[in-house]
file my_file_25.csv (CSV, C-alpha atoms)
chain,number,residue,atom,x,y,z
Q,1,LEU,CA,6.3,-47.1,37.2
Q,2,GLU,CA,6.2,-48.9,40.5
Q,3,ASP,CA,3.9,-46.4,42.0
Q,4,LYS,CA,1.6,-46.7,39.0
Q,5,ALA,CA,1.6,-50.5,39.5
Q,6,LEU,CA,0.7,-50.1,43.2
Q,7,GLU,CA,-2.1,-47.7,42.3
Q,8,GLN,CA,-3.5,-50.2,39.8
Q,9,ALA,CA,-3.3,-53.0,42.4
Q,10,LEU,CA,-5.1,-50.9,45.0
Q,11,SER,CA,-7.8,-49.9,42.5
Q,12,THR,CA,-9.1,-53.5,42.5
Q,13,TRP,CA,-9.2,-53.7,46.3
Q,14,LYS,CA,-12.8,-54.2,47.6
Q,15,GLY,CA,-12.3,-53.6,51.3
Q,16,ASP,CA,-12.1,-50.4,53.4
Q,17,PRO,CA,-10.6,-47.3,51.6
Q,18,VAL,CA,-6.8,-47.3,51.5
Q,19,GLU,CA,-4.8,-44.1,51.6
Q,20,PRO,CA,-1.3,-44.8,50.2
Q,21,LEU,CA,1.5,-42.4,51.3
Q,22,ALA,CA,4.9,-42.1,49.6
Q,23,VAL,CA,7.8,-41.3,52.0
Q,24,PRO,CA,11.4,-40.6,50.9
Q,25,HIS,CA,13.6,-43.6,51.5
Q,26,GLU,CA,16.0,-41.7,53.8
Q,27,ALA,CA,13.2,-40.7,56.1
Q,28,PHE,CA,11.2,-43.9,55.9
Q,29,ALA,CA,12.6,-45.8,59.0
Q,30,THR,CA,12.6,-42.6,61.1
Q,31,LYS,CA,9.0,-41.9,60.4
Q,32,LEU,CA,7.9,-45.4,61.2
Q,33,SER,CA,9.9,-45.3,64.5
Q,34,ALA,CA,8.2,-42.1,65.5
Q,35,ALA,CA,4.6,-43.0,64.5
Q,36,ILE,CA,4.0,-46.8,65.0
Q,37,PRO,CA,4.7,-46.9,68.8
Q,38,LEU,CA,2.2,-44.1,69.3
Q,39,GLY,CA,-0.5,-45.9,67.3
Q,40,ASP,CA,-0.3,-43.3,64.5
Q,41,GLY,CA,1.6,-45.3,62.0
Q,42,PRO,CA,0.4,-47.3,59.0
Q,43,ASP,CA,-1.3,-50.6,59.2
Q,44,LEU,CA,1.1,-51.9,56.6
Q,45,PHE,CA,4.1,-50.7,54.7
Q,46,ILE,CA,6.3,-51.8,51.9
Q,47,ASP,CA,10.1,-51.9,52.3
Q,48,ALA,CA,13.2,-54.0,51.6
Q,49,HIS,CA,13.5,-57.1,53.6
Q,50,GLU,CA,17.0,-56.4,55.0
Q,51,ARG,CA,15.5,-53.9,57.5
Q,52,LEU,CA,13.3,-56.5,59.2
Q,53,GLY,CA,15.8,-57.3,61.9
Q,54,ASP,CA,16.0,-53.6,62.9
Q,55,TYR,CA,12.2,-53.2,62.6
Q,56,ARG,CA,11.6,-56.2,64.9
Q,57,GLY,CA,14.0,-54.9,67.4
Q,58,ARG,CA,12.2,-51.6,67.6
Q,59,GLY,CA,8.7,-53.3,67.7
Q,60,LEU,CA,7.6,-51.8,64.4
Q,61,VAL,CA,6.7,-55.0,62.6
Q,62,ALA,CA,4.6,-58.1,63.5
Q,63,PRO,CA,4.6,-61.7,62.2
Q,64,ALA,CA,2.8,-61.9,58.9
Q,65,GLY,CA,0.6,-64.8,60.0
Q,66,ASP,CA,-2.1,-65.7,57.5
Q,67,ALA,CA,-1.2,-62.6,55.4
Q,68,LEU,CA,1.3,-65.0,53.8
Q,69,ALA,CA,-1.4,-66.8,51.9
Q,70,GLY,CA,-0.7,-70.3,50.6
Q,71,HIS,CA,2.6,-70.7,52.5
Q,72,ASP,CA,1.4,-72.7,55.5
Q,73,GLY,CA,-0.5,-75.9,54.9
Q,74,GLY,CA,0.2,-76.2,51.2
Q,75,VAL,CA,2.5,-75.5,48.3
Q,76,SER,CA,3.8,-72.0,48.6
Q,77,PRO,CA,3.3,-69.8,45.5
Q,78,PHE,CA,6.4,-67.8,46.4
Q,79,HIS,CA,10.0,-68.6,45.5
Q,80,PRO,CA,11.4,-70.3,48.6
Q,81,TYR,CA,14.4,-68.0,48.9
Q,82,THR,CA,12.1,-64.9,49.0
Q,83,VAL,CA,10.2,-66.4,51.9
Q,84,SER,CA,13.5,-67.2,53.7
Q,85,ALA,CA,14.6,-63.6,53.2
Q,86,VAL,CA,11.6,-62.3,55.2
Q,87,GLU,CA,11.9,-64.9,58.0
Q,88,LEU,CA,13.5,-64.2,61.4
Q,89,ASP,CA,14.1,-67.2,63.6
Q,90,GLY,CA,11.8,-69.2,61.4
Q,91,THR,CA,8.9,-66.8,61.5
Q,92,ALA,CA,7.9,-64.7,58.4
Q,93,PHE,CA,7.7,-61.0,59.2
Q,94,GLY,CA,6.7,-59.9,55.7
Q,95,VAL,CA,4.9,-61.0,52.5
Q,96,PRO,CA,7.3,-61.0,49.5
Q,97,LEU,CA,6.3,-58.8,46.5
Q,98,SER,CA,9.3,-58.5,44.2
Q,99,GLN,CA,13.0,-59.2,44.0
Q,100,LYS,CA,15.8,-57.0,42.7
Q,101,CYS,CA,19.4,-57.5,42.1
Q,102,LEU,CA,22.2,-56.4,39.8
Q,103,ALA,CA,22.7,-57.7,36.2
Q,104,LEU,CA,24.9,-56.8,33.2
Q,105,TYR,CA,23.7,-54.3,30.7
Q,106,VAL,CA,25.2,-54.8,27.2
Q,107,ASN,CA,25.5,-52.0,24.5
Q,108,THR,CA,24.8,-54.2,21.4
Q,109,ASP,CA,26.1,-51.4,19.1
Q,110,LEU,CA,29.6,-51.8,20.6
Q,111,VAL,CA,29.8,-55.5,21.4
Q,112,ALA,CA,28.1,-58.5,19.9
Q,113,GLU,CA,28.9,-61.1,22.5
Q,114,VAL,CA,29.5,-61.1,26.3
Q,115,PRO,CA,32.9,-62.3,27.2
Q,116,ALA,CA,33.1,-65.3,29.5
Q,117,ASP,CA,34.6,-63.5,32.5
Q,118,LEU,CA,35.1,-60.1,34.1
Q,119,GLU,CA,38.8,-60.0,33.2
Q,120,SER,CA,37.9,-60.6,29.5
Q,121,ILE,CA,35.5,-57.7,29.6
Q,122,ALA,CA,38.3,-55.5,30.9
Q,123,ALA,CA,40.6,-56.7,28.1
Q,124,LEU,CA,38.2,-55.2,25.5
Q,125,ALA,CA,39.7,-51.7,26.1
Q,126,SER,CA,42.0,-51.9,23.1
Q,127,THR,CA,39.2,-52.9,20.7
Q,128,LEU,CA,36.7,-50.2,21.6
Q,129,PRO,CA,36.6,-46.6,20.3
Q,130,GLU,CA,38.6,-44.0,22.1
Q,131,GLY,CA,37.0,-42.7,25.2
Q,132,VAL,CA,34.8,-45.8,25.7
Q,133,TYR,CA,35.1,-47.8,28.9
Q,134,PRO,CA,34.7,-51.5,28.7
Q,135,LEU,CA,32.6,-51.5,31.9
Q,136,ALA,CA,31.0,-48.9,34.1
Q,137,TYR,CA,29.6,-49.5,37.6
Q,138,GLN,CA,29.9,-47.9,41.1
Q,139,ALA,CA,33.2,-49.5,42.0
Q,140,ASP,CA,33.5,-47.7,45.3
Q,141,SER,CA,30.1,-48.8,46.5
Q,142,ALA,CA,30.0,-51.7,49.0
Q,143,PHE,CA,26.7,-52.8,47.6
Q,144,TYR,CA,28.0,-53.2,44.1
Q,145,HIS,CA,31.4,-54.6,45.2
Q,146,ALA,CA,29.5,-57.4,47.0
Q,147,ALA,CA,29.0,-59.2,43.7
Q,148,ILE,CA,32.8,-59.5,43.2
Q,149,LEU,CA,33.4,-60.2,46.8
Q,150,GLY,CA,30.9,-63.1,46.5
Q,151,ALA,CA,32.8,-64.6,43.7
Q,152,PHE,CA,35.8,-64.8,46.0
Q,153,GLY,CA,33.7,-66.5,48.7
Q,154,GLY,CA,33.6,-63.4,50.9
Q,155,SER,CA,30.9,-61.6,52.8
Q,156,TYR,CA,30.6,-58.4,54.8
Q,157,LEU,CA,29.1,-60.2,57.8
Q,158,GLY,CA,31.1,-62.9,59.4
Q,159,PRO,CA,30.4,-65.6,62.1
Q,160,GLU,CA,28.7,-64.3,65.2
Q,161,ASP,CA,28.0,-61.0,63.6
Q,162,ALA,CA,31.7,-60.1,63.2
Q,163,PHE,CA,32.8,-57.7,60.5
Q,164,GLY,CA,33.5,-60.0,57.6
Q,165,PHE,CA,35.3,-57.8,55.0
Q,166,VAL,CA,38.8,-58.9,56.0
Q,167,GLY,CA,41.2,-61.6,55.0
Q,168,GLU,CA,42.1,-63.2,51.7
Q,169,PRO,CA,38.7,-63.0,49.9
Q,170,ALA,CA,38.4,-59.3,50.7
Q,171,GLU,CA,42.0,-58.5,49.8
Q,172,ARG,CA,41.8,-60.4,46.5
Q,173,SER,CA,38.5,-58.8,45.5
Q,174,LEU,CA,39.9,-55.3,46.2
Q,175,SER,CA,43.1,-56.1,44.3
Q,176,LEU,CA,41.1,-57.1,41.3
Q,177,VAL,CA,39.1,-53.9,41.3
Q,178,ARG,CA,42.1,-51.8,41.9
Q,179,GLY,CA,43.7,-53.3,38.8
Q,180,LEU,CA,40.6,-52.6,36.7
Q,181,ILE,CA,40.7,-49.0,37.8
Q,182,ASP,CA,44.4,-48.6,37.2
Q,183,SER,CA,44.2,-50.1,33.7
Q,184,GLY,CA,41.3,-47.8,32.8
Q,185,ALA,CA,38.9,-50.6,32.3
Q,186,ILE,CA,36.4,-49.0,34.7
Q,187,PRO,CA,36.0,-45.4,35.8
Q,188,ALA,CA,37.2,-44.4,39.3
Q,189,ASP,CA,34.7,-42.7,41.7
Q,190,ALA,CA,31.7,-43.3,39.4
Q,191,ASP,CA,28.3,-42.6,41.1
Q,192,GLY,CA,25.0,-43.8,39.7
Q,193,ALA,CA,24.5,-40.7,37.6
Q,194,LEU,CA,27.8,-41.1,35.9
Q,195,VAL,CA,27.3,-44.8,35.2
Q,196,THR,CA,23.9,-43.9,33.6
Q,197,GLN,CA,25.5,-41.1,31.6
Q,198,LEU,CA,28.3,-43.2,30.3
Q,199,PHE,CA,26.1,-46.1,29.2
Q,200,ARG,CA,23.4,-43.9,27.7
Q,201,SER,CA,25.9,-41.9,25.7
Q,202,GLY,CA,27.7,-45.0,24.3
Q,203,ARG,CA,30.8,-44.4,26.4
Q,204,ALA,CA,30.6,-47.7,28.2
Q,205,ALA,CA,30.3,-51.1,26.5
Q,206,PHE,CA,28.9,-52.8,29.6
Q,207,ALA,CA,27.3,-51.5,32.8
Q,208,ILE,CA,26.5,-53.3,36.0
Q,209,SER,CA,23.2,-52.0,37.5
Q,210,GLY,CA,19.7,-53.0,38.6
Q,211,PRO,CA,16.3,-52.7,37.0
Q,212,TRP,CA,16.3,-49.0,37.9
Q,213,LEU,CA,18.8,-48.3,35.1
Q,214,ALA,CA,16.3,-49.5,32.5
Q,215,THR,CA,14.0,-46.7,33.6
Q,216,ASP,CA,16.7,-44.2,32.9
Q,217,LEU,CA,17.3,-45.7,29.4
Q,218,ALA,CA,13.7,-45.6,28.3
Q,219,ASP,CA,14.1,-42.5,26.1
Q,220,ALA,CA,17.8,-43.1,25.1
Q,221,ASP,CA,18.9,-43.6,21.6
Q,222,LEU,CA,20.6,-46.9,22.5
Q,223,SER,CA,20.5,-50.6,21.6
Q,224,TYR,CA,21.0,-52.7,24.6
Q,225,ARG,CA,20.1,-56.0,26.3
Q,226,VAL,CA,20.8,-57.5,29.7
Q,227,ALA,CA,22.8,-60.6,30.6
Q,228,LEU,CA,23.9,-62.5,33.6
Q,229,LEU,CA,26.9,-61.1,35.5
Q,230,PRO,CA,30.1,-62.8,34.3
Q,231,ARG,CA,32.4,-65.1,36.1
Q,232,VAL,CA,35.6,-63.9,37.8
Q,233,ARG,CA,38.5,-65.7,36.1
Q,234,ALA,CA,40.6,-65.7,39.2
Q,235,THR,CA,38.2,-68.0,41.0
Q,236,GLY,CA,36.1,-69.5,38.2
Q,237,GLN,CA,33.0,-68.5,40.2
Q,238,PRO,CA,30.1,-66.3,39.0
Q,239,MET,CA,29.7,-62.8,40.4
Q,240,ARG,CA,27.0,-63.1,43.1
Q,241,PRO,CA,25.1,-59.8,43.7
Q,242,LEU,CA,23.1,-59.1,46.8
Q,243,LEU,CA,19.4,-59.7,46.5
Q,244,THR,CA,16.7,-57.4,47.9
Q,245,VAL,CA,13.2,-58.7,48.4
Q,246,GLU,CA,10.6,-56.0,48.7
Q,247,ALA,CA,7.8,-57.1,51.0
Q,248,VAL,CA,4.6,-56.0,52.6
Q,249,MET,CA,5.1,-55.6,56.3
Q,250,LEU,CA,2.4,-55.3,59.0
Q,251,SER,CA,2.6,-53.0,62.1
Q,252,PRO,CA,1.7,-54.7,65.4
Q,253,ASP,CA,-1.7,-52.9,65.4
Q,254,GLY,CA,-2.3,-53.6,61.7
Q,255,ALA,CA,-1.5,-57.3,62.1
Q,256,LYS,CA,-4.4,-57.7,64.5
Q,257,ARG,CA,-7.0,-56.7,61.9
Q,258,PRO,CA,-8.2,-59.4,59.5
Q,259,GLN,CA,-8.9,-56.9,56.7
Q,260,VAL,CA,-5.3,-55.5,56.9
Q,261,ARG,CA,-3.9,-59.1,56.5
Q,262,GLN,CA,-6.4,-59.5,53.6
Q,263,LEU,CA,-5.0,-56.4,52.0
Q,264,ALA,CA,-1.5,-57.7,52.3
Q,265,ARG,CA,-2.6,-60.9,50.6
Q,266,HIS,CA,-4.2,-58.8,47.9
Q,267,LEU,CA,-1.1,-56.8,47.2
Q,268,ALA,CA,1.0,-60.0,47.1
Q,269,GLY,CA,-1.6,-61.9,45.0
Q,270,VAL,CA,-1.1,-63.2,41.5
Q,271,ASP,CA,-3.2,-60.4,39.9
Q,272,ALA,CA,-1.3,-57.6,41.6
Q,273,ALA,CA,2.0,-59.4,40.9
Q,274,THR,CA,1.1,-59.6,37.2
Q,275,VAL,CA,0.4,-55.9,37.1
Q,276,ARG,CA,3.8,-55.1,38.8
Q,277,GLN,CA,5.6,-57.3,36.2
Q,278,SER,CA,3.9,-55.8,33.2
Q,279,VAL,CA,3.8,-52.2,34.3
Q,280,ALA,CA,6.9,-51.8,36.4
Q,281,ARG,CA,9.0,-54.5,34.8
Q,282,ILE,CA,9.9,-56.0,38.2
Q,283,VAL,CA,10.6,-59.6,38.8
Q,284,SER,CA,7.9,-61.1,41.0
Q,285,ALA,CA,8.5,-63.0,44.2
Q,286,ARG,CA,5.8,-65.5,43.1
Q,287,ARG,CA,6.5,-68.6,41.1
Q,288,ASP,CA,3.0,-68.7,39.5
Q,289,VAL,CA,3.4,-65.4,37.6
Q,290,LYS,CA,4.5,-66.5,34.1
Q,291,LEU,CA,7.1,-64.7,32.2
Q,292,PRO,CA,6.3,-63.5,28.7
Q,293,PRO,CA,8.1,-66.0,26.5
Q,294,ASP,CA,9.8,-63.4,24.4
Q,295,ASP,CA,10.8,-61.1,27.3
Q,296,GLU,CA,14.6,-61.5,27.6
Q,297,TYR,CA,14.9,-58.7,30.1
Q,298,LEU,CA,12.6,-60.3,32.7
Q,299,LYS,CA,14.0,-63.7,32.0
Q,300,VAL,CA,17.6,-62.6,32.7
Q,301,PHE,CA,16.8,-60.7,35.9
Q,302,THR,CA,14.8,-63.8,37.1
Q,303,GLU,CA,17.7,-66.1,36.5
Q,304,GLN,CA,20.2,-63.6,38.0
Q,305,ALA,CA,18.1,-63.4,41.2
Q,306,LYS,CA,18.5,-67.2,41.6
Q,307,LEU,CA,22.3,-66.7,41.7
Q,308,ALA,CA,22.1,-63.8,44.1
Q,309,VAL,CA,22.7,-63.7,47.8
Q,310,PRO,CA,19.7,-62.5,49.9
Q,311,MET,CA,20.9,-59.6,52.1
Q,312,SER,CA,21.1,-60.4,55.7
Q,313,THR,CA,18.3,-59.1,58.0
Q,314,ARG,CA,20.6,-59.1,61.0
Q,315,VAL,CA,21.0,-55.8,62.7
Q,316,ALA,CA,24.8,-56.1,62.5
Q,317,MET,CA,24.6,-56.1,58.7
Q,318,ARG,CA,23.6,-52.4,58.7
Q,319,ALA,CA,26.7,-51.6,60.6
Q,320,THR,CA,29.0,-53.1,57.9
Q,321,TRP,CA,28.3,-50.6,55.1
Q,322,GLU,CA,30.2,-47.6,56.3
Q,323,PRO,CA,33.5,-49.3,57.2
Q,324,ALA,CA,33.3,-51.5,54.0
call {"tool": "encode", "arguments": {"input": "my_file_25.csv", "output": "structure tokens"}}
result
Amino acid sequence: LEDKALEQALSTWKGDPVEPLAVPHEAFATKLSAAIPLGDGPDLFIDAHERLGDYRGRGLVAPAGDALAGHDGGVSPFHPYTVSAVELDGTAFGVPLSQKCLALYVNTDLVAEVPADLESIAALASTLPEGVYPLAYQADSAFYHAAILGAFGGSYLGPEDAFGFVGEPAERSLSLVRGLIDSGAIPADADGALVTQLFRSGRAAFAISGPWLATDLADADLSYRVALLPRVRATGQPMRPLLTVEAVMLSPDGAKRPQVRQLARHLAGVDAATVRQSVARIVSARRDVKLPPDDEYLKVFTEQAKLAVPMSTRVAMRATWEPA
């Protein structure tokens, strides 16, 4: 759906022809590194903001300049934290498009209300049909665990780029999850496919995932809604997932061309943002894109994003995932 939304946004572009190219995520950074320094790369590209530190270090991205329309010299149309996410040393290196984070999916055929905290969700095991997990999520994924770690005040990146997943917050967060696994409240070693399968088939009352899960549920015989992630009773604090801001980024050569910067403004403009919201069901980075009043799904993901922690753009952050 996101590619369809992009195609619709490009269909209204009045400038020079644009040739969009889809590149697999795992090969994206490598292809940019090989092409842009030789002048063969794209004028602009769309990626997640957390790669900006690495891209700047390799000379693959340039300051956004006036591509970030309305931000300088006036009231910015973007949510401030989405702009902060694309800034390096006070300079914006991207134009925010959308924001994504985790939220709580609720099977309304199995549960009527969302318990107040994570531990209460786990305690539902005795009230659910046999073979149904209270909660399914990728518990062994550092990305997913960050939401629980955040409730304990922890972070994967510490001061002066030190590895932060140590000490009491890390230990307490892991102890909580180990208890959930041992009690059978959540499945062990669940990957994304298993989480989707469990929730689609009614074998999980709740699931923690991002907007991508909704795409996999489009044809499912399932009644569900989304809700904010619960608190962690042990701390009284809400789960704080990581936030990814997808942004238009300009290559050094592309940033020199006024029409390329204009195209970036077009892709991040209110009309294109409205298309992304309606077609792809993605929360916009813009504040002036109104939510449909009866759309609980978009409303919840919008509110959850405000409670999320923008992922660090520092190069050291990329080194924390594997050891975590």
call {"tool": "closest_atom_pairs", "arguments": {"input": "my_file_25.csv", "of": "range 68-144 of chain Q", "to": "range 185-199 of chain Q", "cutoff": "7 Å", "atoms": "only C-alpha atoms", "output": "JSON lines"}}
result
{"residue": "Q:Ala122", "atom": "CA", "partner": "Q:Ala185", "partner_atom": "CA", "distance": 5.1}
{"residue": "Q:Ala125", "atom": "CA", "partner": "Q:Ala185", "partner_atom": "CA", "distance": 6.3}
{"residue": "Q:Tyr133", "atom": "CA", "partner": "Q:Ala185", "partner_atom": "CA", "distance": 5.8}
{"residue": "Q:Pro134", "atom": "CA", "partner": "Q:Ala185", "partner_atom": "CA", "distance": 5.6}
{"residue": "Q:Leu135", "atom": "CA", "partner": "Q:Ile186", "partner_atom": "CA", "distance": 5.3}
{"residue": "Q:Ala136", "atom": "CA", "partner": "Q:Ile186", "partner_atom": "CA", "distance": 5.4}
{"residue": "Q:Tyr137", "atom": "CA", "partner": "Q:Val195", "partner_atom": "CA", "distance": 5.8}
{"residue": "Q:Gln138", "atom": "CA", "partner": "Q:Ala190", "partner_atom": "CA", "distance": 5.2}
{"residue": "Q:Ala139", "atom": "CA", "partner": "Q:Ala190", "partner_atom": "CA", "distance": 6.9}
{"residue": "Q:Asp140", "atom": "CA", "partner": "Q:Asp189", "partner_atom": "CA", "distance": 6.3}
call {"tool": "atom_distance", "arguments": {"input": "my_file_25.csv", "atom1": "CA of Ala207 in chain Q", "atom2": "CA of Tyr224 in chain Q"}}
result
10.4 Å
call {"tool": "closest_residue", "arguments": {"input": "my_file_25.csv", "among": "Q:Lys290, Q:Thr108, Q:Arg56, Q:Leu97", "to": "Arg276 in chain Q", "atoms": "all atoms listed in the file"}}
result
Q:Leu97
call {"tool": "residues_around", "arguments": {"input": "my_file_25.csv", "residues": "Asp117 in chain Q", "least_positions_apart": "2", "cutoff": "9 Å", "atoms": "only C-alpha atoms", "output": "PDB file with C-alpha atoms, in the coordinates of the input"}}
result
ATOM      1  CA  VAL Q 114      29.500 -61.100  26.300  1.00  0.00           C
ATOM      2  CA  PRO Q 115      32.900 -62.300  27.200  1.00  0.00           C
ATOM      3  CA  GLU Q 119      38.800 -60.000  33.200  1.00  0.00           C
ATOM      4  CA  SER Q 120      37.900 -60.600  29.500  1.00  0.00           C
ATOM      5  CA  ILE Q 121      35.500 -57.700  29.600  1.00  0.00           C
ATOM      6  CA  ALA Q 122      38.300 -55.500  30.900  1.00  0.00           C
ATOM      7  CA  LEU Q 229      26.900 -61.100  35.500  1.00  0.00           C
ATOM      8  CA  PRO Q 230      30.100 -62.800  34.300  1.00  0.00           C
ATOM      9  CA  ARG Q 231      32.400 -65.100  36.100  1.00  0.00           C
ATOM     10  CA  VAL Q 232      35.600 -63.900  37.800  1.00  0.00           C
ATOM     11  CA  ARG Q 233      38.500 -65.700  36.100  1.00  0.00           C
ATOM     12  CA  GLY Q 236      36.100 -69.500  38.200  1.00  0.00           C
ATOM     13  CA  PRO Q 238      30.100 -66.300  39.000  1.00  0.00           C
TER      14      PRO Q 238
END
call {"tool": "residues_around", "arguments": {"input": "my_file_25.csv", "residues": "Asp161 in chain Q", "least_positions_apart": "3", "cutoff": "12 Å", "atoms": "only C-alpha atoms", "output": "list in words"}}
result
Ser155, Tyr156, Leu157, Gly158, Gly164, Phe165, Ser312, Thr313, Arg314, Val315, Ala316, Met317, Arg318, Ala319 and Thr320 of chain Q
call {"tool": "residues_around", "arguments": {"input": "my_file_25.csv", "residues": "Val226 in chain Q", "least_positions_apart": "4", "cutoff": "7 Å", "atoms": "only C-alpha atoms", "output": "mmCIF file with C-alpha atoms, in the coordinates of the input"}}
result
data_model
loop_
_atom_site.group_PDB
_atom_site.id
_atom_site.type_symbol
_atom_site.label_atom_id
_atom_site.label_comp_id
_atom_site.auth_asym_id
_atom_site.auth_seq_id
_atom_site.Cartn_x
_atom_site.Cartn_y
_atom_site.Cartn_z
ATOM 1 C CA ALA Q 103 22.700 -57.700 36.200
ATOM 2 C CA LEU Q 104 24.900 -56.800 33.200
ATOM 3 C CA TYR Q 105 23.700 -54.300 30.700
ATOM 4 C CA VAL Q 106 25.200 -54.800 27.200
ATOM 5 C CA TYR Q 297 14.900 -58.700 30.100
ATOM 6 C CA VAL Q 300 17.600 -62.600 32.700
#
call {"tool": "atom_distance", "arguments": {"input": "my_file_25.csv", "atom1": "CA of Leu1 in chain Q", "atom2": "CA of Val279 in chain Q"}}
result
6.4 Å
call {"tool": "closest_residue", "arguments": {"input": "my_file_25.csv", "among": "Q:Gly167, Q:Pro24, Q:Gly269, Q:Gly65", "to": "Lys256 in chain Q", "atoms": "only C-alpha atoms"}}
result
Q:Gly65
call {"tool": "closest_residue", "arguments": {"input": "my_file_25.csv", "among": "Q:Ala204, Q:Asn107, Q:Pro96, Q:Ser173", "to": "Gly131 in chain Q", "atoms": "all atoms listed in the file"}}
result
Q:Ala204
call {"tool": "residues_around", "arguments": {"input": "my_file_25.csv", "residues": "Ser175 in chain Q", "least_positions_apart": "3", "cutoff": "12 Å", "atoms": "only C-alpha atoms", "output": "list in words"}}
result
His145, Ile148, Leu149, Phe152, Glu168, Pro169, Ala170, Glu171, Arg172, Arg178, Gly179, Leu180, Ile181, Asp182 and Ala234 of chain Q
call {"tool": "closest_residue", "arguments": {"input": "my_file_25.csv", "among": "Q:Leu10, Q:Leu110, Q:Ile282, Q:Leu44", "to": "Ser201 in chain Q", "atoms": "only C-alpha atoms"}}
result
Q:Leu110
call {"tool": "closest_residue", "arguments": {"input": "my_file_25.csv", "among": "Q:Pro211, Q:Pro159, Q:Gly57, Q:Pro129", "to": "Ser98 in chain Q", "atoms": "all atoms listed in the file"}}
result
Q:Pro211
call {"tool": "residues_around", "arguments": {"input": "my_file_25.csv", "residues": "Glu19 in chain Q", "least_positions_apart": "3", "cutoff": "12 Å", "atoms": "all atoms listed in the file", "output": "PyMOL selection string"}}
result
chain Q and resi 6-7+10-11+13+16+22+42-45
call {"tool": "atom_distance", "arguments": {"input": "my_file_25.csv", "atom1": "CA of Gln262 in chain Q", "atom2": "CA of Thr302 in chain Q"}}
result
27.2 Å
call {"tool": "residues_near_point", "arguments": {"input": "my_file_25.csv", "point": "(16.4, -45.0, 61.4)", "cutoff": "12 Å", "atoms": "all atoms listed in the file", "output": "list in words"}}
result
His25, Glu26, Ala27, Phe28, Ala29, Thr30, Lys31, Leu32, Ser33, Ala34, Arg51, Asp54, Tyr55, Gly57, Arg58, Leu60, Val315 and Arg318 of chain Q
call {"tool": "closest_residue", "arguments": {"input": "my_file_25.csv", "among": "Q:Gln304, Q:Ser209, Q:Ser251, Q:Gln259", "to": "Phe93 in chain Q", "atoms": "all atoms listed in the file"}}
result
Q:Ser251
